[in-house]
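Q: Data file upload-v6.cif (mmCIF, C-alpha atoms) is appended below.
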```cif
data_target
loop_
_atom_site.label_atom_id
_atom_site.label_comp_id
_atom_site.auth_asym_id
_atom_site.auth_seq_id
_atom_site.Cartn_x
_atom_site.Cartn_y
_atom_site.Cartn_z
CA MET A 1 57.73 131.19 129.37
CA VAL A 2 60.51 128.57 129.54
CA LYS A 3 64.19 129.23 130.15
CA VAL A 4 66.54 127.31 127.88
CA THR A 5 70.34 127.26 127.74
CA VAL A 6 71.74 127.24 124.20
CA LYS A 7 75.28 125.95 123.86
CA PHE A 8 77.73 126.57 121.02
CA PHE A 9 80.83 124.65 120.05
CA ALA A 10 83.67 124.84 117.56
CA VAL A 11 82.71 126.94 114.53
CA GLY A 12 79.44 127.82 116.32
CA ARG A 13 81.32 129.32 119.22
CA ASP A 14 83.52 131.24 116.80
CA ILE A 15 80.42 132.65 115.09
CA THR A 16 78.55 133.65 118.25
CA GLY A 17 81.62 134.60 120.24
CA SER A 18 80.28 132.78 123.28
CA ASP A 19 79.90 129.30 124.75
CA GLU A 20 76.25 129.66 125.58
CA LEU A 21 73.32 132.02 125.87
CA MET A 22 70.12 131.90 127.92
CA LEU A 23 66.83 132.28 126.07
CA GLU A 24 63.35 132.89 127.46
CA LEU A 25 60.89 131.35 125.06
CA PRO A 26 57.13 130.95 124.85
CA GLU A 27 55.86 127.55 125.98
CA GLY A 28 55.71 125.10 123.11
CA THR A 29 58.76 126.50 121.33
CA THR A 30 60.57 123.77 119.37
CA ALA A 31 64.28 123.08 118.88
CA GLY A 32 63.87 123.97 115.21
CA GLU A 33 62.40 127.38 116.08
CA VAL A 34 65.39 128.11 118.30
CA LEU A 35 67.71 127.12 115.48
CA ILE A 36 65.92 129.57 113.16
CA GLN A 37 66.28 132.34 115.76
CA VAL A 38 69.95 131.58 116.15
CA LYS A 39 70.48 131.69 112.38
CA GLN A 40 68.65 135.02 112.17
CA ARG A 41 70.77 136.48 114.95
CA TYR A 42 74.01 135.06 113.52
CA PRO A 43 73.63 134.81 109.74
CA ALA A 44 77.10 133.23 109.43
CA PHE A 45 75.47 129.95 110.53
CA GLU A 46 73.91 129.71 107.08
CA LYS A 47 77.38 128.81 105.79
CA VAL A 48 77.64 125.82 108.14
CA ALA A 49 76.32 122.73 106.40
CA ALA A 50 74.26 120.13 108.23
CA LEU A 51 73.81 121.79 111.59
CA LEU A 52 72.27 119.40 114.12
CA VAL A 53 70.58 120.05 117.42
CA ALA A 54 70.87 118.17 120.69
CA VAL A 55 68.48 118.56 123.59
CA ASN A 56 69.63 117.40 127.00
CA LEU A 57 72.61 115.51 125.59
CA ASP A 58 70.74 113.64 122.84
CA TYR A 59 70.42 114.47 119.18
CA ALA A 60 66.90 115.80 118.75
CA ASP A 61 64.39 116.34 116.00
CA THR A 62 63.68 119.97 115.14
CA ALA A 63 60.07 119.31 116.24
CA THR A 64 61.20 118.60 119.83
CA VAL A 65 59.33 120.88 122.24
CA LEU A 66 61.53 122.60 124.80
CA TYR A 67 60.80 122.73 128.52
CA ASP A 68 62.05 124.93 131.30
CA GLY A 69 65.66 124.13 132.16
CA ASP A 70 66.42 122.29 128.93
CA GLU A 71 69.88 122.48 127.43
CA LEU A 72 69.90 122.84 123.67
CA ALA A 73 73.19 122.46 121.84
CA VAL A 74 73.89 123.59 118.30
CA ILE A 75 76.05 120.83 116.82
CA PRO A 76 78.17 121.64 113.77
CA PRO A 77 79.45 118.68 111.73
CA VAL A 78 81.52 116.58 114.09
CA SER A 79 85.15 115.74 113.34
CA GLY A 80 86.46 113.78 116.30
CA GLY A 81 88.84 110.86 116.10
CA MET B 1 127.01 61.65 101.06
CA VAL B 2 125.47 64.90 102.30
CA LYS B 3 125.40 66.14 105.87
CA VAL B 4 122.06 67.51 107.03
CA THR B 5 121.02 68.99 110.38
CA VAL B 6 117.57 67.90 111.51
CA LYS B 7 115.90 70.18 114.06
CA PHE B 8 113.07 69.33 116.45
CA PHE B 9 110.69 71.62 118.28
CA ALA B 10 107.92 71.42 120.84
CA VAL B 11 106.32 67.98 120.89
CA GLY B 12 109.02 66.83 118.45
CA ARG B 13 111.76 67.75 120.88
CA ASP B 14 109.87 65.98 123.67
CA ILE B 15 109.67 62.83 121.52
CA THR B 16 113.29 62.79 120.39
CA GLY B 17 114.74 64.19 123.59
CA SER B 18 117.00 66.50 121.62
CA ASP B 19 116.97 69.78 119.71
CA GLU B 20 118.71 68.44 116.68
CA LEU B 21 120.59 65.56 115.16
CA MET B 22 123.10 65.33 112.32
CA LEU B 23 122.42 62.86 109.53
CA GLU B 24 124.71 61.65 106.76
CA LEU B 25 122.54 60.76 103.80
CA PRO B 26 123.09 59.46 100.28
CA GLU B 27 123.00 62.18 97.63
CA GLY B 28 119.49 62.72 96.30
CA THR B 29 117.78 61.99 99.60
CA THR B 30 114.51 63.93 99.90
CA ALA B 31 112.92 65.71 102.86
CA GLY B 32 110.14 63.10 102.83
CA GLU B 33 112.64 60.27 103.11
CA VAL B 34 114.20 61.92 106.16
CA LEU B 35 110.75 62.30 107.69
CA ILE B 36 110.13 58.58 107.18
CA GLN B 37 113.48 57.74 108.84
CA VAL B 38 112.63 59.99 111.77
CA LYS B 39 109.23 58.34 112.21
CA GLN B 40 110.83 54.88 112.10
CA ARG B 41 113.38 55.88 114.71
CA TYR B 42 110.77 57.63 116.90
CA PRO B 43 107.43 55.90 116.37
CA ALA B 44 105.70 58.41 118.72
CA PHE B 45 105.72 60.85 115.78
CA GLU B 46 102.94 58.78 114.23
CA LYS B 47 100.61 60.30 116.83
CA VAL B 48 101.41 63.86 115.75
CA ALA B 49 98.93 64.97 113.11
CA ALA B 50 99.96 67.04 110.12
CA LEU B 51 103.71 67.13 110.55
CA LEU B 52 105.34 69.58 108.15
CA VAL B 53 108.91 69.92 107.01
CA ALA B 54 110.96 73.06 106.49
CA VAL B 55 114.25 73.16 104.60
CA ASN B 56 116.55 76.13 105.17
CA LEU B 57 113.80 78.15 106.91
CA ASP B 58 111.05 77.58 104.34
CA TYR B 59 108.23 75.09 104.35
CA ALA B 60 109.21 72.44 101.84
CA ASP B 61 107.60 69.73 99.80
CA THR B 62 108.50 66.19 100.81
CA ALA B 63 110.05 65.79 97.33
CA THR B 64 112.66 68.47 98.08
CA VAL B 65 116.15 67.06 97.54
CA LEU B 66 118.63 67.78 100.35
CA TYR B 67 122.10 69.16 99.83
CA ASP B 68 125.17 69.21 102.01
CA GLY B 69 124.76 71.69 104.88
CA ASP B 70 120.97 71.92 104.63
CA GLU B 71 118.92 72.43 107.74
CA LEU B 72 115.74 70.39 107.84
CA ALA B 73 113.18 71.15 110.55
CA VAL B 74 110.35 68.86 111.61
CA ILE B 75 107.41 71.22 112.22
CA PRO B 76 104.55 69.99 114.41
CA PRO B 77 101.24 71.88 114.12
CA VAL B 78 101.98 75.49 115.06
CA SER B 79 100.13 77.25 117.87
CA GLY B 80 101.63 80.70 118.19
CA GLY B 81 99.71 83.85 118.95
CA MET C 1 72.79 96.74 131.96
CA SER C 2 74.89 99.84 132.54
CA ALA C 3 77.88 100.72 130.41
CA ASP C 4 79.85 101.01 133.67
CA ASP C 5 79.75 97.22 133.98
CA PHE C 6 82.09 96.65 131.04
CA ALA C 7 83.07 100.03 129.61
CA PHE C 8 85.57 102.71 130.55
CA ASN C 9 85.07 105.90 128.58
CA LEU C 10 86.85 109.19 129.04
CA ILE C 11 87.26 112.65 127.56
CA THR C 12 90.52 114.09 128.78
CA ASP C 13 92.91 116.94 128.08
CA ARG C 14 95.87 114.83 129.23
CA PRO C 15 98.03 112.58 127.03
CA ILE C 16 96.55 109.13 126.43
CA ASP C 17 98.50 106.28 127.99
CA VAL C 18 97.94 103.16 125.89
CA GLN C 19 99.42 100.83 128.49
CA ALA C 20 96.91 102.13 131.05
CA LEU C 21 94.14 101.72 128.47
CA ILE C 22 95.10 98.07 128.04
CA GLY C 23 94.94 97.69 131.82
CA ARG C 24 91.34 98.92 131.69
CA VAL C 25 90.21 96.14 129.37
CA ALA C 26 92.52 93.23 130.16
CA ALA C 27 90.54 90.31 131.52
CA PRO C 28 91.92 86.89 132.50
CA GLU C 29 89.30 85.11 130.38
CA CYS C 30 90.06 87.15 127.27
CA GLY C 31 92.83 86.37 124.85
CA GLY C 32 92.12 88.87 122.08
CA LEU C 33 92.54 92.61 122.35
CA ALA C 34 92.07 94.95 119.41
CA ILE C 35 93.09 98.57 119.66
CA PHE C 36 92.58 101.49 117.36
CA ILE C 37 94.65 104.60 117.82
CA GLY C 38 94.08 107.82 115.93
CA MET C 39 97.14 110.05 115.80
CA VAL C 40 97.63 113.59 114.58
CA ARG C 41 98.84 113.60 110.98
CA ASN C 42 101.22 116.16 109.56
CA HIS C 43 98.99 116.99 106.63
CA SER C 44 95.34 117.37 105.71
CA LYS C 45 93.95 117.72 102.21
CA GLY C 46 97.40 118.54 100.90
CA ARG C 47 98.20 121.21 103.48
CA THR C 48 100.86 120.98 106.16
CA VAL C 49 99.34 120.76 109.63
CA ARG C 50 101.17 122.57 112.44
CA HIS C 51 99.00 121.14 115.22
CA LEU C 52 95.38 120.29 116.02
CA GLU C 53 92.95 121.54 118.61
CA TYR C 54 90.18 119.23 119.75
CA GLU C 55 87.07 120.46 121.48
CA ALA C 56 84.26 118.33 122.89
CA TYR C 57 80.82 118.75 124.34
CA PRO C 58 82.08 116.52 127.10
CA GLU C 59 78.86 115.45 128.85
CA MET C 60 77.20 114.51 125.57
CA ALA C 61 80.34 112.95 124.07
CA LEU C 62 80.66 110.73 127.11
CA LYS C 63 76.98 109.80 126.90
CA LYS C 64 77.44 108.87 123.22
CA MET C 65 80.49 106.78 124.08
CA ASN C 66 78.52 104.90 126.73
CA GLU C 67 75.71 104.35 124.22
CA ILE C 68 78.22 103.01 121.69
CA ALA C 69 79.57 100.62 124.33
CA LEU C 70 76.06 99.34 125.13
CA GLU C 71 75.27 98.97 121.45
CA ILE C 72 78.47 96.97 120.90
CA LYS C 73 77.69 94.71 123.85
CA SER C 74 74.26 94.02 122.38
CA LYS C 75 75.57 93.42 118.85
CA TRP C 76 78.55 91.32 120.00
CA PRO C 77 77.71 89.83 123.41
CA GLU C 78 81.09 88.07 123.40
CA VAL C 79 82.81 91.41 123.97
CA SER C 80 84.18 91.42 127.48
CA LYS C 81 85.37 94.97 127.97
CA ILE C 82 85.71 98.15 126.00
CA ALA C 83 87.54 101.39 126.68
CA MET C 84 87.33 104.60 124.65
CA ILE C 85 89.41 107.67 125.38
CA HIS C 86 89.31 110.89 123.40
CA ARG C 87 91.65 113.74 124.06
CA THR C 88 90.85 117.44 123.87
CA GLY C 89 92.97 120.58 123.67
CA LYS C 90 96.08 121.26 121.64
CA LEU C 91 97.76 118.19 120.12
CA ALA C 92 101.11 118.02 118.35
CA ILE C 93 101.84 115.88 115.27
CA GLY C 94 102.07 112.22 116.29
CA GLU C 95 100.12 112.62 119.52
CA ILE C 96 97.21 110.31 120.19
CA ALA C 97 93.78 111.91 119.72
CA VAL C 98 91.68 108.82 120.30
CA ALA C 99 92.27 105.28 121.49
CA ILE C 100 89.77 102.45 121.62
CA ALA C 101 90.43 98.99 123.05
CA VAL C 102 88.15 95.96 122.97
CA THR C 103 88.73 92.56 124.54
CA THR C 104 86.98 89.36 123.50
CA PRO C 105 87.71 85.68 124.06
CA HIS C 106 88.33 85.31 120.30
CA ARG C 107 89.90 87.82 118.00
CA ALA C 108 87.39 88.16 115.16
CA GLU C 109 84.85 90.04 117.27
CA ALA C 110 87.56 92.23 118.79
CA PHE C 111 88.46 93.66 115.39
CA THR C 112 84.86 94.04 114.25
CA ALA C 113 83.71 95.70 117.46
CA CYS C 114 86.72 98.02 117.60
CA ARG C 115 86.15 99.09 114.01
CA TYR C 116 82.48 99.71 114.75
CA ALA C 117 83.37 101.75 117.83
CA ILE C 118 85.75 104.13 116.05
CA ASP C 119 83.45 104.51 113.02
CA THR C 120 80.46 105.30 115.24
CA LEU C 121 82.40 107.56 117.57
CA LYS C 122 83.74 109.58 114.65
CA SER C 123 80.34 110.03 113.07
CA THR C 124 78.25 110.71 116.18
CA ALA C 125 80.29 111.96 119.16
CA PRO C 126 80.13 115.75 119.51
CA ILE C 127 83.86 116.38 119.19
CA TRP C 128 85.49 118.84 116.82
CA LYS C 129 88.93 119.22 115.38
CA LYS C 130 90.49 122.52 114.41
CA GLU C 131 93.32 122.13 111.94
CA VAL C 132 95.99 124.73 112.45
CA PHE C 133 98.10 125.31 109.34
CA GLU C 134 101.06 127.56 108.73
CA ASP C 135 98.78 130.22 107.32
CA GLY C 136 95.50 129.90 109.20
CA ASP C 137 93.14 127.40 110.72
CA VAL C 138 89.85 125.68 109.97
CA TRP C 139 87.31 123.54 111.82
CA ALA C 140 87.38 120.23 110.00
CA SER C 141 83.95 119.28 108.78
CA ALA C 142 84.56 115.88 107.28
CA HIS C 143 85.02 112.80 109.36
CA ALA C 144 86.99 110.74 106.87
CA MET D 1 111.79 95.96 98.50
CA SER D 2 113.05 94.62 101.80
CA ALA D 3 110.83 94.14 104.83
CA ASP D 4 113.38 96.21 106.76
CA ASP D 5 112.13 99.29 104.95
CA PHE D 6 108.77 99.31 106.70
CA ALA D 7 108.64 96.37 109.11
CA PHE D 8 110.00 95.71 112.57
CA ASN D 9 109.66 92.06 113.58
CA LEU D 10 110.99 90.41 116.68
CA ILE D 11 110.98 87.14 118.60
CA THR D 12 111.88 87.88 122.20
CA ASP D 13 111.84 86.27 125.62
CA ARG D 14 111.32 89.65 127.28
CA PRO D 15 107.96 91.27 128.12
CA ILE D 16 106.37 93.11 125.19
CA ASP D 17 106.14 96.87 125.63
CA VAL D 18 103.15 98.13 123.65
CA GLN D 19 104.15 101.77 123.93
CA ALA D 20 107.54 100.92 122.38
CA LEU D 21 105.74 98.93 119.67
CA ILE D 22 103.67 102.01 118.82
CA GLY D 23 106.89 104.01 118.59
CA ARG D 24 108.12 101.53 115.96
CA VAL D 25 105.20 102.19 113.62
CA ALA D 26 104.20 105.77 114.32
CA ALA D 27 104.71 107.92 111.25
CA PRO D 28 103.89 111.61 110.88
CA GLU D 29 101.90 110.98 107.71
CA CYS D 30 99.78 108.23 109.27
CA GLY D 31 96.68 108.84 111.30
CA GLY D 32 95.40 105.30 111.78
CA LEU D 33 97.04 102.64 113.91
CA ALA D 34 95.47 99.24 114.51
CA ILE D 35 96.93 96.91 117.09
CA PHE D 36 96.18 93.33 117.95
CA ILE D 37 97.36 91.91 121.22
CA GLY D 38 97.12 88.27 122.17
CA MET D 39 97.19 87.68 125.91
CA VAL D 40 97.44 84.50 127.95
CA ARG D 41 93.96 83.32 128.93
CA ASN D 42 93.18 81.61 132.21
CA HIS D 43 91.45 78.68 130.55
CA SER D 44 91.65 76.50 127.47
CA LYS D 45 89.01 74.05 126.33
CA GLY D 46 87.37 74.17 129.74
CA ARG D 47 90.55 73.56 131.73
CA THR D 48 92.22 76.05 134.04
CA VAL D 49 95.55 77.23 132.67
CA ARG D 50 98.36 77.84 135.17
CA HIS D 51 100.74 79.38 132.66
CA LEU D 52 101.94 78.99 129.08
CA GLU D 53 105.30 78.24 127.56
CA TYR D 54 106.03 79.48 124.07
CA GLU D 55 108.78 78.08 121.92
CA ALA D 56 109.83 79.30 118.49
CA TYR D 57 112.07 78.28 115.64
CA PRO D 58 113.32 81.82 115.80
CA GLU D 59 115.18 82.20 112.51
CA MET D 60 112.29 80.74 110.53
CA ALA D 61 109.61 82.53 112.55
CA LEU D 62 111.31 85.83 111.86
CA LYS D 63 111.61 84.98 108.18
CA LYS D 64 107.87 84.18 108.07
CA MET D 65 107.07 87.45 109.83
CA ASN D 66 109.10 89.38 107.27
CA GLU D 67 107.32 87.51 104.47
CA ILE D 68 103.96 88.39 106.02
CA ALA D 69 105.00 92.05 106.16
CA LEU D 70 106.01 92.02 102.48
CA GLU D 71 102.80 90.28 101.52
CA ILE D 72 100.77 92.89 103.42
CA LYS D 73 102.64 95.73 101.75
CA SER D 74 101.87 94.21 98.37
CA LYS D 75 98.18 93.57 99.19
CA TRP D 76 97.65 96.96 100.87
CA PRO D 77 100.28 99.36 99.50
CA GLU D 78 98.79 102.11 101.68
CA VAL D 79 100.24 100.42 104.76
CA SER D 80 103.03 102.60 106.04
CA LYS D 81 104.62 100.52 108.77
CA ILE D 82 104.08 97.22 110.49
CA ALA D 83 105.57 95.71 113.64
CA MET D 84 105.12 92.16 114.89
CA ILE D 85 106.52 90.91 118.17
CA HIS D 86 106.09 87.39 119.53
CA ARG D 87 107.28 86.41 122.93
CA THR D 88 108.80 83.09 123.93
CA GLY D 89 109.40 81.37 127.27
CA LYS D 90 107.14 81.14 130.28
CA LEU D 91 104.16 83.52 130.32
CA ALA D 92 101.75 84.15 133.17
CA ILE D 93 98.00 84.70 132.76
CA GLY D 94 97.35 88.15 131.28
CA GLU D 95 100.82 88.56 129.81
CA ILE D 96 101.17 89.54 126.17
CA ALA D 97 102.19 86.68 123.87
CA VAL D 98 101.95 88.55 120.59
CA ALA D 99 101.45 92.13 119.51
CA ILE D 100 101.01 93.43 115.98
CA ALA D 101 100.72 97.08 115.00
CA VAL D 102 99.96 98.52 111.58
CA THR D 103 99.83 102.16 110.54
CA THR D 104 98.03 103.50 107.51
CA PRO D 105 96.87 106.96 106.45
CA HIS D 106 93.26 105.75 106.76
CA ARG D 107 91.86 103.34 109.26
CA ALA D 108 90.05 100.74 107.14
CA GLU D 109 93.27 99.22 105.81
CA ALA D 110 94.88 99.29 109.25
CA PHE D 111 92.24 96.94 110.63
CA THR D 112 92.21 94.67 107.59
CA ALA D 113 95.99 94.38 107.41
CA CYS D 114 96.36 93.83 111.15
CA ARG D 115 93.73 91.09 111.06
CA TYR D 116 95.50 89.48 108.13
CA ALA D 117 98.84 89.65 109.92
CA ILE D 118 97.67 87.90 113.08
CA ASP D 119 95.68 85.28 111.16
CA THR D 120 98.65 84.48 108.93
CA LEU D 121 101.20 84.57 111.74
CA LYS D 122 99.11 82.14 113.80
CA SER D 123 98.70 79.70 110.96
CA THR D 124 102.21 79.78 109.50
CA ALA D 125 104.87 80.99 111.94
CA PRO D 126 106.78 78.11 113.55
CA ILE D 127 105.86 78.94 117.13
CA TRP D 128 104.39 76.55 119.67
CA LYS D 129 102.47 76.95 122.87
CA LYS D 130 102.56 74.52 125.74
CA GLU D 131 99.55 74.82 128.01
CA VAL D 132 100.44 74.05 131.60
CA PHE D 133 97.42 73.00 133.65
CA GLU D 134 97.10 72.12 137.32
CA ASP D 135 97.46 68.44 136.47
CA GLY D 136 99.74 68.25 133.47
CA ASP D 137 100.67 69.99 130.26
CA VAL D 138 100.08 69.70 126.53
CA TRP D 139 101.46 71.24 123.34
CA ALA D 140 98.48 73.03 121.83
CA SER D 141 97.83 71.84 118.33
CA ALA D 142 94.98 74.05 117.25
CA HIS D 143 95.46 77.66 116.30
CA ALA D 144 91.96 78.93 117.07
#
```
Written as structure tokens, how would this file's structure read?
A:
Amino acid sequence: MVKVTVKFFAVGRDITGSDELMLELPEGTTAGEVLIQVKQRYPAFEKVAALLVAVNLDYADTATVLYDGDELAVIPPVSGG
Amino acid sequence: MVKVTVKFFAVGRDITGSDELMLELPEGTTAGEVLIQVKQRYPAFEKVAALLVAVNLDYADTATVLYDGDELAVIPPVSGG
Amino acid sequence: MSADDFAFNLITDRPIDVQALIGRVAAPECGGLAIFIGMVRNHSKGRTVRHLEYEAYPEMALKKMNEIALEIKSKWPEVSKIAMIHRTGKLAIGEIAVAIAVTTPHRAEAFTACRYAIDTLKSTAPIWKKEVFEDGDVWASAHA
Amino acid sequence: MSADDFAFNLITDRPIDVQALIGRVAAPECGGLAIFIGMVRNHSKGRTVRHLEYEAYPEMALKKMNEIALEIKSKWPEVSKIAMIHRTGKLAIGEIAVAIAVTTPHRAEAFTACRYAIDTLKSTAPIWKKEVFEDGDVWASAHA
């Protein structure tokens, strides 16, 4: 098993009600699989268009395999500036 | 006769040694004719490329006729900014 | 090359001081300085904005800003220095949300690089804006 | 339309305060502010500059600046406010010679209009720069 921190921001934090959660996942789990889990747990994410994922501070493909200690962030559409 | 103020700036002021001079000119005198007089009086102006003339705060054609009270400025190449 | 060599990037919850920003990028060999400042507008999509709240994923936003600086230096090697500051927290109308300054020996590249920096920051940096209206609030999703 | 309605232009022998300049153009409906700042460089055409001296034909320079502002407003009607300040007198390395600020609701026009303003000011405003070197001085004739 690998331990991964999942971080939420903005509308994502509003939906989950928390900044982050810790997940224990089978080895080989991908970023995309985590995103699916998150959407199942919090169906309101389905209403957020174009959700991206970052792994360890970089935007990541959904096929990215997660390792122990990784930080995955769920990135709603950005609106800085 | 018309009275015209001729103003000098930058390299022009260095050449003439003064900010301005007053000229009394026959009616119908043009800006270009004043420029020729100035160059005759101060031959060093021949070394200044692309001298422009302004009449009453606007760039003016050398054919511009001068009237009593006009302010003519001899404008060396600008280098602001 | 590290972004630290020529870039100063910051996510802060304190007001942005433009004069200090200029001090970060001023260089004796550079004559041209372009700055972009994004301020809080009093309306959005026809609605009256009361204030904004900015939130960032600060570690990643800073990493993105450093990447943008490196990318700019590689696209426009003439660029001497660049500084990008984005504010977080509650901002009133007219306050500065983001400020970007770029110095170059000649001005053309300063404008181009500054424009590129704000465009790229807005589309990639993980920063979010909540628009607070008289009658509710919404996380902005467009980066117009 | 008069330039006074949306423009603040100034020729001054006092140091230019960028924060005050921003205050001149900030508008609650405008989110984008582009600024260009021209600073005194420590070299010119390979020679070491000790300081610069700027001289203006102030009445005409101000008239040109107002004309530039009107022209910008007609080219880019979206422009909300514009401020142009040019300094005269003796300037040390790193001091600000010129600062131009333009606000628009959206940023693209702010950059374009600001770029146009500095380019046009440099090529048309009757302002001259004397470069003082270690071993002499010269009135600059190019407006690079």
Q: Report the distance between atom CA of C:Lys130 and atom CA of C:Arg47 in Å, rounded to one decimal place.
A: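 Spanning atom CA of C:Lys130 to atom CA of C:Arg47 is a straight-line distance of 13.4 Å.
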Q: Which residues fall under the PyMOL selection byres ((chain D) within 10 of (chain C)) in this file, as a PyMOL selection string?
A: chain D and resi 17-19+22-23+26-44+93-103+105-108+110-112+114-115+118-119+144
Q: Starting from the PyMOL selection byres ((chain B and resi 49) around 12), expand the selection into actual residues of this file and give them as an MDAnalysis selection string.
A: (chainID B and resid 11:12 44:48 50:52 75:78) or (chainID D and resid 140:142)
Q: Extract, using only C-alpha atoms, all DNA, RNA and protein residues at most 10 Å from stretch 60-72 of chain B, discarding same-chain residues fewer than 3 positions from it, and format them as a tab-separated table (two decimals) with C-alpha atoms, in the coordinates of the input.
A:
```
chain	number	residue	atom	x	y	z
B	1	MET	CA	127.01	61.65	101.06
B	2	VAL	CA	125.47	64.90	102.30
B	3	LYS	CA	125.40	66.14	105.87
B	4	VAL	CA	122.06	67.51	107.03
B	5	THR	CA	121.02	68.99	110.38
B	6	VAL	CA	117.57	67.90	111.51
B	7	LYS	CA	115.90	70.18	114.06
B	8	PHE	CA	113.07	69.33	116.45
B	20	GLU	CA	118.71	68.44	116.68
B	22	MET	CA	123.10	65.33	112.32
B	24	GLU	CA	124.71	61.65	106.76
B	25	LEU	CA	122.54	60.76	103.80
B	26	PRO	CA	123.09	59.46	100.28
B	27	GLU	CA	123.00	62.18	97.63
B	28	GLY	CA	119.49	62.72	96.30
B	29	THR	CA	117.78	61.99	99.60
B	30	THR	CA	114.51	63.93	99.90
B	31	ALA	CA	112.92	65.71	102.86
B	32	GLY	CA	110.14	63.10	102.83
B	33	GLU	CA	112.64	60.27	103.11
B	34	VAL	CA	114.20	61.92	106.16
B	35	LEU	CA	110.75	62.30	107.69
B	52	LEU	CA	105.34	69.58	108.15
B	53	VAL	CA	108.91	69.92	107.01
B	54	ALA	CA	110.96	73.06	106.49
B	55	VAL	CA	114.25	73.16	104.60
B	56	ASN	CA	116.55	76.13	105.17
B	57	LEU	CA	113.80	78.15	106.91
B	75	ILE	CA	107.41	71.22	112.22
```
Q: Rounded to one decimal in Å, what is the spacing between atom CA of D:Ala56 and atom CA of D:Pro126?
A: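 That distance, rounded to one decimal, is 5.9 Å.
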Q: Report as a PyMOL selection string all protein, DNA and RNA residues lying within 12 Å of D:Leu10, evaluated on all atoms listed in the file, omitting residues in the same chain fewer than 2 positions from it.
A: chain D and resi 4+7-8+12-16+21+24+56+58-66+82-88+97-100
